[in-house]
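K.L.:
File query09.txt follows (compact mmCIF, C-alpha atoms):
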```txt
# COMPACT_ATOMS: atom_id res chain seq x y z
CA MET S 1 14.22 -22.71 -15.91
CA SER S 2 12.39 -25.97 -15.18
CA ASP S 3 8.68 -26.22 -15.93
CA GLU S 4 7.89 -26.55 -12.22
CA LEU S 5 9.87 -23.45 -11.29
CA GLU S 6 8.21 -21.51 -14.09
CA ARG S 7 4.80 -22.74 -12.92
CA ALA S 8 5.61 -21.69 -9.32
CA ARG S 9 6.74 -18.25 -10.55
CA ILE S 10 3.56 -17.73 -12.59
CA ASN S 11 1.41 -18.97 -9.71
CA PHE S 12 3.10 -16.55 -7.30
CA ILE S 13 2.73 -13.60 -9.70
CA GLU S 14 -0.97 -14.41 -10.13
CA GLY S 15 -1.35 -14.63 -6.33
CA MET S 16 0.32 -11.25 -5.85
CA SER S 17 -2.01 -9.87 -8.49
CA ARG S 18 -5.04 -11.09 -6.52
CA ILE S 19 -3.69 -9.77 -3.21
CA SER S 20 -3.00 -6.41 -4.82
CA ASN S 21 -6.56 -6.28 -6.11
CA PHE S 22 -7.90 -7.22 -2.66
CA TRP S 23 -6.05 -4.27 -1.09
CA GLY S 24 -7.44 -1.88 -3.69
CA PHE S 25 -4.40 -1.62 -5.93
CA PRO S 26 -4.34 -2.56 -9.62
CA ARG S 27 -3.83 -6.25 -10.33
CA ALA S 28 -0.93 -5.45 -12.66
CA MET S 29 0.85 -3.64 -9.83
CA GLY S 30 0.78 -6.80 -7.72
CA ALA S 31 1.94 -8.89 -10.66
CA ILE S 32 4.86 -6.51 -11.25
CA TYR S 33 5.88 -6.66 -7.59
CA GLY S 34 5.63 -10.47 -7.73
CA ALA S 35 7.87 -10.65 -10.80
CA ILE S 36 10.44 -8.31 -9.26
CA TYR S 37 10.30 -10.12 -5.91
CA LEU S 38 11.09 -13.51 -7.45
CA SER S 39 13.88 -12.17 -9.63
CA PRO S 40 17.40 -12.81 -8.33
CA GLU S 41 18.60 -9.81 -10.38
CA PRO S 42 17.05 -6.34 -10.76
CA LEU S 43 14.65 -6.16 -13.72
CA SER S 44 14.21 -3.48 -16.37
CA LEU S 45 10.86 -2.16 -17.56
CA ASP S 46 11.25 -4.14 -20.80
CA GLU S 47 11.83 -7.36 -18.86
CA LEU S 48 8.76 -6.64 -16.73
CA VAL S 49 6.64 -6.04 -19.84
CA ALA S 50 7.69 -9.46 -21.14
CA GLN S 51 7.07 -11.22 -17.82
CA VAL S 52 3.80 -9.59 -16.78
CA GLY S 53 2.24 -8.97 -20.18
CA VAL S 54 1.08 -5.38 -19.79
CA SER S 55 2.10 -2.30 -21.74
CA LYS S 56 5.34 -0.49 -21.02
CA GLY S 57 3.38 2.61 -20.00
CA ALA S 58 1.38 0.60 -17.46
CA VAL S 59 4.53 -1.05 -16.13
CA SER S 60 6.21 2.34 -15.80
CA THR S 61 3.22 3.82 -13.95
CA HIS S 62 2.91 0.87 -11.56
CA VAL S 63 6.65 0.71 -10.90
CA ARG S 64 6.60 4.41 -9.94
CA GLN S 65 3.76 3.70 -7.51
CA LEU S 66 5.59 0.68 -6.09
CA GLU S 67 8.67 2.84 -5.71
CA ARG S 68 6.67 5.54 -3.90
CA LEU S 69 5.34 2.86 -1.53
CA GLY S 70 8.90 1.68 -0.90
CA MET S 71 8.13 -1.75 -2.33
CA VAL S 72 10.74 -1.57 -5.09
CA HIS S 73 14.04 0.23 -5.42
CA LYS S 74 15.57 1.70 -8.56
CA HIS S 75 19.09 0.66 -9.53
CA PHE S 76 21.36 2.29 -12.07
CA GLN S 77 23.94 0.42 -14.08
CA LEU S 78 26.91 2.27 -15.49
CA GLY S 79 26.78 2.63 -19.24
CA VAL S 80 23.17 1.46 -19.43
CA ARG S 81 20.36 3.94 -19.95
CA LYS S 82 17.67 1.66 -18.51
CA ASP S 83 16.51 1.68 -14.93
CA TYR S 84 16.42 -1.62 -13.08
CA TYR S 85 14.27 -2.51 -10.09
CA SER S 86 14.61 -4.85 -7.13
CA ALA S 87 12.02 -5.69 -4.47
CA GLU S 88 11.98 -4.55 -0.87
CA THR S 89 12.07 -7.74 1.18
CA ASP S 90 11.49 -6.22 4.63
CA PHE S 91 7.76 -6.87 4.85
CA TRP S 92 7.31 -4.73 7.98
CA LYS S 93 8.69 -1.82 6.03
CA VAL S 94 6.35 -2.59 3.11
CA VAL S 95 3.31 -2.85 5.37
CA LYS S 96 4.27 0.35 7.18
CA ASN S 97 4.67 2.24 3.91
CA VAL S 98 1.38 0.93 2.51
CA LEU S 99 -0.45 1.78 5.74
CA GLN S 100 1.03 5.27 5.76
CA GLU S 101 0.00 5.83 2.14
CA ARG S 102 -3.48 4.42 2.69
CA GLU S 103 -3.87 6.19 6.02
CA LYS S 104 -3.07 9.54 4.48
CA ASN S 105 -5.46 9.17 1.58
CA GLU S 106 -8.30 6.82 2.38
CA PHE S 107 -8.80 7.43 6.09
CA ALA S 108 -8.68 11.18 5.66
CA ARG S 109 -11.20 10.98 2.81
CA ALA S 110 -13.52 8.61 4.70
CA LEU S 111 -13.32 10.63 7.91
CA GLY S 112 -13.96 13.83 5.99
CA THR S 113 -17.06 12.35 4.36
CA VAL S 114 -18.47 11.16 7.69
CA ASP S 115 -17.69 14.48 9.39
CA GLU S 116 -19.26 16.43 6.53
CA SER S 117 -22.39 14.26 6.56
CA LEU S 118 -22.68 14.63 10.34
CA ASN S 119 -22.40 18.43 10.03
CA ILE S 120 -25.13 18.45 7.39
CA VAL S 121 -27.44 16.35 9.58
CA SER S 122 -26.66 18.42 12.68
CA SER S 123 -27.48 21.69 10.94
CA ALA S 124 -30.45 20.36 8.99
CA ASP S 125 -33.86 21.77 9.63
CA SER S 126 -35.62 18.46 9.18
CA ASP S 127 -39.34 17.75 9.11
CA ASN S 128 -38.46 14.21 10.28
CA PRO S 129 -36.54 14.55 13.59
CA GLU S 130 -36.61 10.79 14.22
CA LEU S 131 -34.82 10.07 10.94
CA ALA S 132 -32.37 12.93 11.56
CA ASP S 133 -31.62 11.52 15.02
CA PHE S 134 -31.18 8.03 13.53
CA TYR S 135 -28.74 9.40 10.93
CA LYS S 136 -26.86 11.31 13.60
CA GLN S 137 -26.48 8.21 15.78
CA ARG S 138 -25.31 6.08 12.89
CA LEU S 139 -22.88 8.71 11.61
CA GLN S 140 -21.46 9.27 15.11
CA ALA S 141 -20.92 5.50 15.46
CA MET S 142 -19.11 5.44 12.10
CA GLN S 143 -17.07 8.50 13.11
CA ARG S 144 -15.97 6.77 16.35
CA PHE S 145 -15.05 3.64 14.40
CA PHE S 146 -12.97 5.54 11.84
CA ASN S 147 -11.26 7.57 14.56
CA THR S 148 -10.42 4.37 16.46
CA LEU S 149 -9.13 2.72 13.29
CA ASP S 150 -7.07 5.81 12.47
CA ASN S 151 -5.61 5.77 15.99
CA LEU S 152 -4.82 2.05 15.73
CA VAL S 153 -2.91 2.54 12.49
CA ALA S 154 -1.07 5.56 13.91
CA THR S 155 -0.19 3.53 17.03
CA ALA S 156 1.05 0.58 14.95
CA LEU S 157 3.22 2.92 12.89
CA ALA S 158 4.53 4.65 16.03
CA LEU S 159 5.34 1.29 17.62
CA ASP S 160 7.29 0.29 14.55
CA GLU S 161 9.27 3.55 14.73
CA LEU S 162 9.86 2.95 18.44
CA ARG S 163 11.03 -0.61 17.69
CA LEU S 164 13.45 0.65 15.06
CA GLY S 165 14.72 3.40 17.35
CA THR S 166 15.27 0.95 20.19
CA ILE S 167 17.15 -1.46 17.95
CA GLN S 168 19.30 1.38 16.59
CA GLN S 169 20.07 2.62 20.12
CA PHE S 170 20.99 -0.90 21.20
CA PHE S 171 23.50 -1.29 18.39
CA LYS S 172 24.99 2.16 18.99
CA LYS S 173 25.67 1.15 22.61
CA GLN S 174 27.35 -2.07 21.47
CA ARG S 175 30.03 -0.21 19.52
```
Could you express the structure from this file as C-alpha cells?
P.N.:
Amino acid sequence: MSDELERARINFIEGMSRISNFWGFPRAMGAIYGAIYLSPEPLSLDELVAQVGVSKGAVSTHVRQLERLGMVHKHFQLGVRKDYYSAETDFWKVVKNVLQEREKNEFARALGTVDESLNIVSSADSDNPELADFYKQRLQAMQRFFNTLDNLVATALALDELRLGTIQQFFKKQR
C-alpha cells in the first residue's frame, strides 16, 4: 500500500475513533469500525489487533458491540476457525440501530431520573416552598424536553420503517 493510502487509512481510523468518543462509545470501538469499513475483505480479530493496536480481548468486546448495533457482520469461512467481520455500509441502517440502542438505554434512564426527581419534589414536605416550586418547574421543563426528544427519535425510526415498507411494497408490485 502506498504511503498516502496508508496515511489516509490511519487518518480515517483516528477520525472514526474521535466520532465514536463524541457519541459516547469507546474510542477503540470507532477505530475498529473504521478499520473494518476501509477493508476490502472481511477482517479477523487478529488482523484488527494488528491494525488498531488494542488487545484481542478489547477487540473482541468492541466487535460484539458493533455487531449488536448492526455496524459489522460476522462471516464464516469454511475450514477456518476464525470469525471475520465486514462493515455495514447502509448508514441509515447504522444510525437507526444506534438510535434504537441509545433510545432504549439512555433516554429511558434519563427520563426515569427526571421523573423520580419530580416525584420526590412533588411529595416533599419542604420548609422552602419557593425552592421546591423552582425545582418542580425546572424538572417539568426537562421532562417535557426529554419526552419531546424521545418522541422525535421514535418518529424518525417509524418514518424509516415506513420508508422501507413503502419501497418493499413498490418492488413487490413491480414483479
K.L.:
Considering all atoms listed in the file, state which residue in the set S:Ala158, S:Gln51, S:Tyr33, S:Trp23 is at the smallest distance from Ile10 (chain S).
P.N.:
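Answer, going by the shortest atom-to-atom distance: S:Gln51.
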K.L.:
Please measure the separation of CA of Ser60 (chain S) and CA of Leu45 (chain S), giving the value in Å to one decimal.
P.N.:
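These two atoms are separated by 6.7 Å.
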K.L.:
Which value, in Å to one decimal, gives the distance between CA of Phe146 (chain S) and CA of Val114 (chain S)?
P.N.:
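Going from CA of Phe146 (chain S) over to CA of Val114 (chain S), I get 8.9 Å.
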K.L.:
For Gly57 (chain S), find every residue with an atom within 12 Å (counting only C-alpha atoms), except residues of its own chain fewer than 3 positions away, and show them as a list in words.
P.N.:
Ala28, Leu45, Asp46, Leu48, Val49, Gly53, Val54, Ser60, Thr61, His62, Val63 and Arg64 of chain S
K.L.:
Neighbours of Ser20 (chain S) within 12 Å (all atoms listed in the file; same-chain residues fewer than 2 positions away dropped), as a PyMOL selection string?
P.N.:
chain S and resi 13-18+22-34+62+66+98
K.L.:
Find, counting only C-alpha atoms, the residue in S:Ala110, S:Val153, S:Leu159, S:Val80 that gets nearest to Leu139 (chain S).
P.N.:
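Closest to Leu139 (chain S), using only C-alpha atoms: S:Ala110.
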K.L.:
Mind giving me the straight-line distance from CA of Asn147 (chain S) to CA of Val121 (chain S) in Å, one decimal?
P.N.:
19.1 Å
K.L.:
Tell me which protein, DNA and RNA residues are within 9 Å of Asp160 (chain S), counting all atoms listed in the file, leaving out same-chain ones fewer than 6 positions away, and put them as a list in words.
P.N.:
Trp92, Lys93 and Lys96 of chain S
K.L.:
At most 12 Å from (10.6, -4.8, -0.6), file frame, all atoms listed in the file: which residues, as a PyMOL selection string?
P.N.:
chain S and resi 33-34+36-38+66-74+85-98
K.L.:
Hey, which of S:Glu161, S:Ala156, S:Tyr135, S:Ser44 ends up closest to Arg81 (chain S)? Count all atoms listed in the file.
P.N.:
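When distances to Arg81 (chain S) are compared using all atoms listed in the file, the smallest one comes from S:Ser44.
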K.L.:
Please identify all polymer residues within 10 Å of Ser122 (chain S), counting all atoms listed in the file, omitting same-chain residues fewer than 4 positions from it, and present them as a list in words.
P.N.:
Glu116, Ser117, Leu118, Ser126, Ala132, Asp133, Tyr135 and Lys136 of chain S
K.L.:
Could you tell me which of S:Arg138, S:Lys82, S:His75, S:Lys56 comes closest to Asp115 (chain S) if we count all atoms listed in the file?
P.N.:
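Residue with the minimum atom-to-atom distance to Asp115 (chain S): S:Arg138.
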K.L.:
Assuming the input is short of atoms at region 65-93 of chain S, produce N, CA and C atoms for that part as a PDB file, in the coordinates of the input.
P.N.:
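This went into rebuild35.pdb:
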```pdb
ATOM      1  N   GLN S  65       4.588   3.807  -8.710  1.00  0.00           N
ATOM      2  CA  GLN S  65       3.760   3.700  -7.510  1.00  0.00           C
ATOM      3  C   GLN S  65       4.388   2.741  -6.504  1.00  0.00           C
ATOM      4  N   LEU S  66       4.904   1.625  -6.980  1.00  0.00           N
ATOM      5  CA  LEU S  66       5.590   0.680  -6.090  1.00  0.00           C
ATOM      6  C   LEU S  66       6.820   1.331  -5.455  1.00  0.00           C
ATOM      7  N   GLU S  67       7.497   2.135  -6.228  1.00  0.00           N
ATOM      8  CA  GLU S  67       8.670   2.840  -5.710  1.00  0.00           C
ATOM      9  C   GLU S  67       8.260   3.845  -4.634  1.00  0.00           C
ATOM     10  N   ARG S  68       7.169   4.575  -4.877  1.00  0.00           N
ATOM     11  CA  ARG S  68       6.670   5.540  -3.900  1.00  0.00           C
ATOM     12  C   ARG S  68       6.263   4.845  -2.597  1.00  0.00           C
ATOM     13  N   LEU S  69       5.723   3.634  -2.707  1.00  0.00           N
ATOM     14  CA  LEU S  69       5.340   2.860  -1.530  1.00  0.00           C
ATOM     15  C   LEU S  69       6.532   2.196  -0.854  1.00  0.00           C
ATOM     16  N   GLY S  70       7.702   2.302  -1.467  1.00  0.00           N
ATOM     17  CA  GLY S  70       8.900   1.680  -0.900  1.00  0.00           C
ATOM     18  C   GLY S  70       8.956   0.183  -1.119  1.00  0.00           C
ATOM     19  N   MET S  71       8.168  -0.311  -2.077  1.00  0.00           N
ATOM     20  CA  MET S  71       8.130  -1.750  -2.330  1.00  0.00           C
ATOM     21  C   MET S  71       9.174  -2.196  -3.335  1.00  0.00           C
ATOM     22  N   VAL S  72       9.654  -1.278  -4.163  1.00  0.00           N
ATOM     23  CA  VAL S  72      10.740  -1.570  -5.090  1.00  0.00           C
ATOM     24  C   VAL S  72      11.755  -0.430  -5.030  1.00  0.00           C
ATOM     25  N   HIS S  73      12.951  -0.752  -5.424  1.00  0.00           N
ATOM     26  CA  HIS S  73      14.040   0.230  -5.420  1.00  0.00           C
ATOM     27  C   HIS S  73      14.679   0.279  -6.800  1.00  0.00           C
ATOM     28  N   LYS S  74      14.952   1.500  -7.251  1.00  0.00           N
ATOM     29  CA  LYS S  74      15.570   1.700  -8.560  1.00  0.00           C
ATOM     30  C   LYS S  74      17.079   1.519  -8.438  1.00  0.00           C
ATOM     31  N   HIS S  75      17.643   0.859  -9.445  1.00  0.00           N
ATOM     32  CA  HIS S  75      19.090   0.660  -9.530  1.00  0.00           C
ATOM     33  C   HIS S  75      19.577   1.199 -10.867  1.00  0.00           C
ATOM     34  N   PHE S  76      20.732   1.800 -10.853  1.00  0.00           N
ATOM     35  CA  PHE S  76      21.360   2.290 -12.070  1.00  0.00           C
ATOM     36  C   PHE S  76      22.550   1.407 -12.386  1.00  0.00           C
ATOM     37  N   GLN S  77      22.759   1.163 -13.667  1.00  0.00           N
ATOM     38  CA  GLN S  77      23.940   0.420 -14.080  1.00  0.00           C
ATOM     39  C   GLN S  77      24.748   1.310 -14.994  1.00  0.00           C
ATOM     40  N   LEU S  78      26.027   1.412 -14.709  1.00  0.00           N
ATOM     41  CA  LEU S  78      26.910   2.270 -15.490  1.00  0.00           C
ATOM     42  C   LEU S  78      26.878   1.862 -16.960  1.00  0.00           C
ATOM     43  N   GLY S  79      26.764   2.857 -17.814  1.00  0.00           N
ATOM     44  CA  GLY S  79      26.780   2.630 -19.240  1.00  0.00           C
ATOM     45  C   GLY S  79      25.477   2.117 -19.821  1.00  0.00           C
ATOM     46  N   VAL S  80      24.471   1.956 -18.982  1.00  0.00           N
ATOM     47  CA  VAL S  80      23.170   1.460 -19.430  1.00  0.00           C
ATOM     48  C   VAL S  80      22.131   2.534 -19.129  1.00  0.00           C
ATOM     49  N   ARG S  81      21.336   2.874 -20.127  1.00  0.00           N
ATOM     50  CA  ARG S  81      20.360   3.940 -19.950  1.00  0.00           C
ATOM     51  C   ARG S  81      19.078   3.485 -19.263  1.00  0.00           C
ATOM     52  N   LYS S  82      18.887   2.203 -19.125  1.00  0.00           N
ATOM     53  CA  LYS S  82      17.670   1.660 -18.510  1.00  0.00           C
ATOM     54  C   LYS S  82      17.766   1.709 -16.994  1.00  0.00           C
ATOM     55  N   ASP S  83      16.595   1.826 -16.372  1.00  0.00           N
ATOM     56  CA  ASP S  83      16.510   1.680 -14.930  1.00  0.00           C
ATOM     57  C   ASP S  83      16.167   0.231 -14.621  1.00  0.00           C
ATOM     58  N   TYR S  84      16.688  -0.261 -13.524  1.00  0.00           N
ATOM     59  CA  TYR S  84      16.420  -1.620 -13.080  1.00  0.00           C
ATOM     60  C   TYR S  84      15.815  -1.547 -11.677  1.00  0.00           C
ATOM     61  N   TYR S  85      14.999  -2.544 -11.348  1.00  0.00           N
ATOM     62  CA  TYR S  85      14.270  -2.510 -10.090  1.00  0.00           C
ATOM     63  C   TYR S  85      14.415  -3.819  -9.336  1.00  0.00           C
ATOM     64  N   SER S  86      14.586  -3.688  -8.017  1.00  0.00           N
ATOM     65  CA  SER S  86      14.610  -4.850  -7.130  1.00  0.00           C
ATOM     66  C   SER S  86      13.533  -4.636  -6.069  1.00  0.00           C
ATOM     67  N   ALA S  87      13.115  -5.737  -5.446  1.00  0.00           N
ATOM     68  CA  ALA S  87      12.020  -5.690  -4.470  1.00  0.00           C
ATOM     69  C   ALA S  87      12.538  -5.426  -3.066  1.00  0.00           C
ATOM     70  N   GLU S  88      11.755  -4.677  -2.316  1.00  0.00           N
ATOM     71  CA  GLU S  88      11.980  -4.550  -0.870  1.00  0.00           C
ATOM     72  C   GLU S  88      11.551  -5.871  -0.263  1.00  0.00           C
ATOM     73  N   THR S  89      12.392  -6.445   0.579  1.00  0.00           N
ATOM     74  CA  THR S  89      12.070  -7.740   1.180  1.00  0.00           C
ATOM     75  C   THR S  89      11.768  -7.636   2.672  1.00  0.00           C
ATOM     76  N   ASP S  90      11.870  -6.444   3.235  1.00  0.00           N
ATOM     77  CA  ASP S  90      11.490  -6.220   4.630  1.00  0.00           C
ATOM     78  C   ASP S  90       9.992  -5.952   4.642  1.00  0.00           C
ATOM     79  N   PHE S  91       9.212  -6.981   4.959  1.00  0.00           N
ATOM     80  CA  PHE S  91       7.760  -6.870   4.850  1.00  0.00           C
ATOM     81  C   PHE S  91       7.171  -5.900   5.855  1.00  0.00           C
ATOM     82  N   TRP S  92       7.795  -5.734   7.018  1.00  0.00           N
ATOM     83  CA  TRP S  92       7.310  -4.730   7.980  1.00  0.00           C
ATOM     84  C   TRP S  92       7.416  -3.341   7.373  1.00  0.00           C
ATOM     85  N   LYS S  93       8.501  -3.111   6.686  1.00  0.00           N
ATOM     86  CA  LYS S  93       8.690  -1.820   6.030  1.00  0.00           C
ATOM     87  C   LYS S  93       7.639  -1.616   4.941  1.00  0.00           C
TER      88      LYS S  93
END
```
